[in-house]
>>> print(open('my_file_36.csv').read())   # CSV, C-alpha atoms
chain,number,residue,atom,x,y,z
A,23,LEU,CA,109.7,102.8,98.5
A,24,VAL,CA,112.7,101.4,96.7
A,25,VAL,CA,111.8,98.4,94.6
A,26,ARG,CA,115.1,97.5,93.0
A,27,VAL,CA,118.5,99.0,92.0
A,28,ASP,CA,120.0,98.2,88.6
A,29,ASP,CA,123.4,99.6,87.8
A,30,ASN,CA,123.0,103.4,88.1
A,31,VAL,CA,119.2,103.4,88.2
A,32,ALA,CA,116.9,102.8,91.2
A,33,VAL,CA,113.3,102.0,90.7
A,34,ILE,CA,111.0,103.4,93.3
A,35,VAL,CA,107.2,103.3,93.8
A,36,ALA,CA,105.3,106.4,94.9
A,37,ASP,CA,103.3,105.7,98.1
A,38,THR,CA,100.2,107.6,97.0
A,39,THR,CA,99.8,106.7,93.4
A,40,TYR,CA,101.7,103.3,93.2
A,41,SER,CA,103.5,104.6,90.1
A,42,GLU,CA,107.0,103.5,89.3
A,43,MET,CA,109.8,106.0,88.8
A,44,LYS,CA,113.4,105.6,87.8
A,45,VAL,CA,116.0,107.8,89.5
A,46,ARG,CA,119.7,107.9,90.0
A,47,PRO,CA,120.8,106.6,93.4
A,48,ARG,CA,122.9,109.8,94.0
A,49,ASP,CA,119.7,111.8,93.7
A,50,MET,CA,118.0,109.8,96.5
A,51,GLN,CA,118.0,110.7,100.1
A,52,LEU,CA,117.0,108.5,103.1
A,53,CYS,CA,113.8,109.7,104.7
A,54,THR,CA,111.7,108.2,107.5
A,55,GLU,CA,108.6,110.2,106.7
A,56,MET,CA,105.8,109.0,104.4
A,57,ASN,CA,104.0,111.3,102.0
A,58,SER,CA,100.3,111.3,102.8
A,59,GLY,CA,99.5,113.4,99.7
A,60,VAL,CA,96.5,115.7,99.5
A,61,ASP,CA,93.3,113.6,99.8
A,62,SER,CA,90.7,116.3,100.1
A,63,GLN,CA,90.0,119.8,99.0
A,64,GLY,CA,86.9,121.7,99.9
A,65,MET,CA,83.8,119.6,99.3
A,66,TYR,CA,85.7,116.8,97.4
A,67,GLN,CA,88.0,114.0,98.4
A,68,ILE,CA,89.8,111.1,96.7
A,69,GLY,CA,87.2,108.4,96.1
A,70,ASP,CA,84.2,110.7,95.5
A,71,VAL,CA,82.3,110.2,92.3
A,72,VAL,CA,81.2,113.5,90.7
A,73,GLU,CA,79.1,114.7,87.8
A,74,VAL,CA,80.9,117.0,85.4
A,75,ASP,CA,78.1,117.3,82.9
A,76,GLN,CA,75.0,115.2,81.9
A,77,GLN,CA,77.2,112.8,79.9
A,78,THR,CA,80.3,112.6,82.1
A,79,ILE,CA,80.9,111.3,85.6
A,80,GLY,CA,84.1,110.4,87.2
A,81,PHE,CA,85.9,108.9,90.2
A,82,ILE,CA,88.3,111.3,91.8
A,83,VAL,CA,91.8,109.7,91.7
A,84,ARG,CA,93.9,112.8,92.4
A,85,ILE,CA,93.4,116.3,93.8
A,86,GLU,CA,95.5,119.2,92.7
A,87,ARG,CA,95.5,122.8,93.6
A,88,GLU,CA,92.7,124.1,91.4
A,89,SER,CA,91.5,120.9,89.8
A,90,VAL,CA,90.9,117.3,90.3
A,91,ARG,CA,91.9,114.3,88.1
A,92,ILE,CA,89.0,111.9,87.5
A,93,LEU,CA,88.7,108.5,85.9
A,94,THR,CA,85.6,108.8,83.7
A,95,GLN,CA,83.0,106.1,83.2
A,96,HIS,CA,84.7,105.4,79.8
A,97,GLY,CA,88.0,104.6,81.4
A,98,LYS,CA,89.8,107.8,80.5
A,99,THR,CA,91.4,110.2,82.9
A,100,GLN,CA,90.9,113.9,82.6
A,101,SER,CA,91.6,117.0,84.6
A,102,VAL,CA,88.5,119.0,85.7
A,103,ARG,CA,88.5,122.4,87.4
A,104,ASN,CA,86.8,122.4,90.7
A,105,ASN,CA,84.1,124.9,89.6
A,106,ALA,CA,83.2,122.6,86.6
A,107,ILE,CA,82.0,119.9,88.9
A,108,ALA,CA,78.2,119.9,89.1
A,109,ARG,CA,77.7,117.6,92.1
A,110,LYS,CA,78.8,114.5,94.1
A,111,LEU,CA,76.9,111.3,93.3
A,112,ARG,CA,75.8,108.6,95.7
A,113,CYS,CA,76.5,105.0,95.3
A,114,GLY,CA,73.9,102.7,93.8
A,115,GLN,CA,73.6,99.0,93.0
A,116,ALA,CA,73.7,97.0,89.8
A,117,LEU,CA,73.4,93.5,88.4
A,118,ASP,CA,76.3,91.4,87.2
A,119,SER,CA,76.3,89.0,84.2
A,120,GLN,CA,74.3,86.4,86.2
A,121,GLN,CA,71.7,88.9,87.5
A,122,ASN,CA,73.3,88.9,91.0
A,123,PHE,CA,73.0,92.2,92.9
A,124,VAL,CA,76.4,93.8,93.4
A,125,ARG,CA,76.9,96.5,96.0
A,126,GLN,CA,79.8,98.7,97.3
A,127,LYS,CA,82.6,96.7,99.0
A,128,ASN,CA,81.6,93.4,97.1
A,129,ILE,CA,84.4,91.6,95.3
A,130,VAL,CA,83.8,90.9,91.6
A,131,ASN,CA,85.7,89.0,88.9
A,132,VAL,CA,86.0,90.7,85.6
A,133,LEU,CA,85.1,88.3,82.8
A,134,ASP,CA,87.1,89.9,80.0
A,135,SER,CA,90.4,90.2,81.7
A,136,GLY,CA,90.2,87.6,84.5
A,137,SER,CA,91.1,90.3,87.1
A,138,GLN,CA,89.3,90.9,90.3
A,139,GLY,CA,88.5,94.0,92.3
A,140,GLU,CA,86.6,95.5,95.2
A,141,ILE,CA,83.7,97.7,94.2
A,142,LYS,CA,84.4,101.3,95.4
A,143,HIS,CA,81.5,102.9,93.7
A,144,ILE,CA,78.5,102.1,91.3
A,145,TRP,CA,76.9,104.5,88.9
A,146,ARG,CA,74.2,103.1,86.7
A,147,HIS,CA,75.8,100.1,85.1
A,148,PHE,CA,79.5,101.2,85.7
A,149,LEU,CA,81.5,99.7,88.5
A,150,PHE,CA,84.6,101.5,89.8
A,151,LEU,CA,86.8,98.8,91.1
A,152,PHE,CA,90.0,98.8,93.2
A,153,ASN,CA,92.8,96.3,92.8
A,154,ARG,CA,96.2,96.9,94.4
A,155,CYS,CA,98.0,95.2,91.4
A,156,HIS,CA,96.5,97.7,89.0
A,157,GLY,CA,99.2,100.3,88.8
A,158,GLU,CA,97.3,103.3,87.2
A,159,ASN,CA,95.0,105.7,89.0
A,160,GLY,CA,95.8,104.5,92.5
A,161,GLY,CA,94.5,101.0,91.7
A,162,ILE,CA,91.1,102.2,90.4
A,163,PHE,CA,89.6,101.0,87.1
A,164,VAL,CA,86.1,101.0,85.6
A,165,VAL,CA,84.1,98.2,84.0
A,166,LYS,CA,80.5,97.6,83.0
A,167,ALA,CA,78.6,95.5,85.5
A,168,ARG,CA,77.5,93.0,82.9
A,169,ASN,CA,81.2,92.1,82.3
A,170,THR,CA,81.6,91.0,85.9
A,171,ILE,CA,80.4,88.2,88.2
A,172,LEU,CA,80.1,88.4,92.0
A,173,ALA,CA,83.0,86.5,93.5
A,174,GLY,CA,81.7,83.2,94.9
A,175,ALA,CA,78.6,83.3,92.8
A,176,ARG,CA,77.1,80.1,91.3
A,177,ASN,CA,78.0,79.1,87.7
A,178,PHE,CA,81.3,81.0,87.8
A,179,LEU,CA,83.3,78.1,86.5
A,180,ARG,CA,80.7,77.4,83.8
A,181,ILE,CA,81.0,81.0,82.6
A,182,LEU,CA,84.8,80.8,82.4
A,183,LEU,CA,84.8,77.4,80.6
A,184,VAL,CA,82.0,78.1,78.1
A,185,PRO,CA,82.6,81.0,75.6
A,186,HIS,CA,80.3,84.0,76.1
A,187,GLN,CA,77.9,84.6,73.2
A,188,ASP,CA,76.3,87.9,72.5
>>> encode(input="my_file_36.csv", output="structure tokens")
Amino acid sequence: LVVRVDDNVAVIVADTTYSEMKVRPRDMQLCTEMNSGVDSQGMYQIGDVVEVDQQTIGFIVRIERESVRILTQHGKTQSVRNNAIARKLRCGQALDSQQNFVRQKNIVNVLDSGSQGEIKHIWRHFLFLFNRCHGENGGIFVVKARNTILAGARNFLRILLVPHQD
């Protein structure tokens, strides 16, 4: 998808990762097809949460030939070989900053950044959220549940107006 053209540089957005790229217009070619990308390989597909070891879990954001790229619970991306994955994890539930239960597909507001996202997966107190405006990792980012509030929950305005004290 071509976003804009400046002088001799065109800015395009990849349809699978939403990442911007700058290319020369003479290197571009009109195409009617859309890249679907690889979204599954063997037992794993994009969107699965997997355990790498006892301290590391991650949300699969990209699948490559012999490895997967995961977004860990600490917000870092790393490449992991397929045979290093211990198992897939199931989604749980957690409590937000106001002790509201949050579940998969709920919309939450992130208190630190003011952003919003749909919960794609929950592991312990980590929420993997999706927001189309978040350009990295296909729109997926991770936050702690206690740093969020369920969208539409009571006391939301009071939380935004009164400084949070730890």
>>> closest_residue(input="my_file_36.csv", among="A:Gln76, A:Ser41, A:Asn30, A:Ser101", to="Arg154 (chain A)", atoms="all atoms listed in the file")
A:Ser41
>>> residues_around(input="my_file_36.csv", residues="region 121-133 of chain A", least_positions_apart="2", cutoff="8 Å", atoms="all atoms listed in the file", output="PyMOL selection string")
chain A and resi 113-119+135-144+165+169-173+175+182
>>> closest_residue(input="my_file_36.csv", among="A:Ala167, A:Val24, A:Cys53, A:Val72", to="Phe148 (chain A)", atoms="only C-alpha atoms")
A:Ala167
>>> closest_residue(input="my_file_36.csv", among="A:Asp134, A:Asp70, A:Asp75, A:Asp28", to="Lys166 (chain A)", atoms="all atoms listed in the file")
A:Asp134
>>> atom_distance(input="my_file_36.csv", atom1="CA of Val164 (chain A)", atom2="CA of Ser89 (chain A)")
21.0 Å
>>> atom_distance(input="my_file_36.csv", atom1="CA of Val33 (chain A)", atom2="CA of Asn153 (chain A)")
21.4 Å
>>> residues_around(input="my_file_36.csv", residues="Gln100 (chain A)", least_positions_apart="6", cutoff="7 Å", atoms="all atoms listed in the file", output="short mmCIF file (atom, residue, chain, number, x, y, z; two decimals) with C-alpha atoms, in the frame of the given file")
data_model
loop_
_atom_site.label_atom_id
_atom_site.label_comp_id
_atom_site.auth_asym_id
_atom_site.auth_seq_id
_atom_site.Cartn_x
_atom_site.Cartn_y
_atom_site.Cartn_z
CA ARG A 91 91.90 114.30 88.10
CA ILE A 92 89.00 111.90 87.50
CA LEU A 93 88.70 108.50 85.90
#
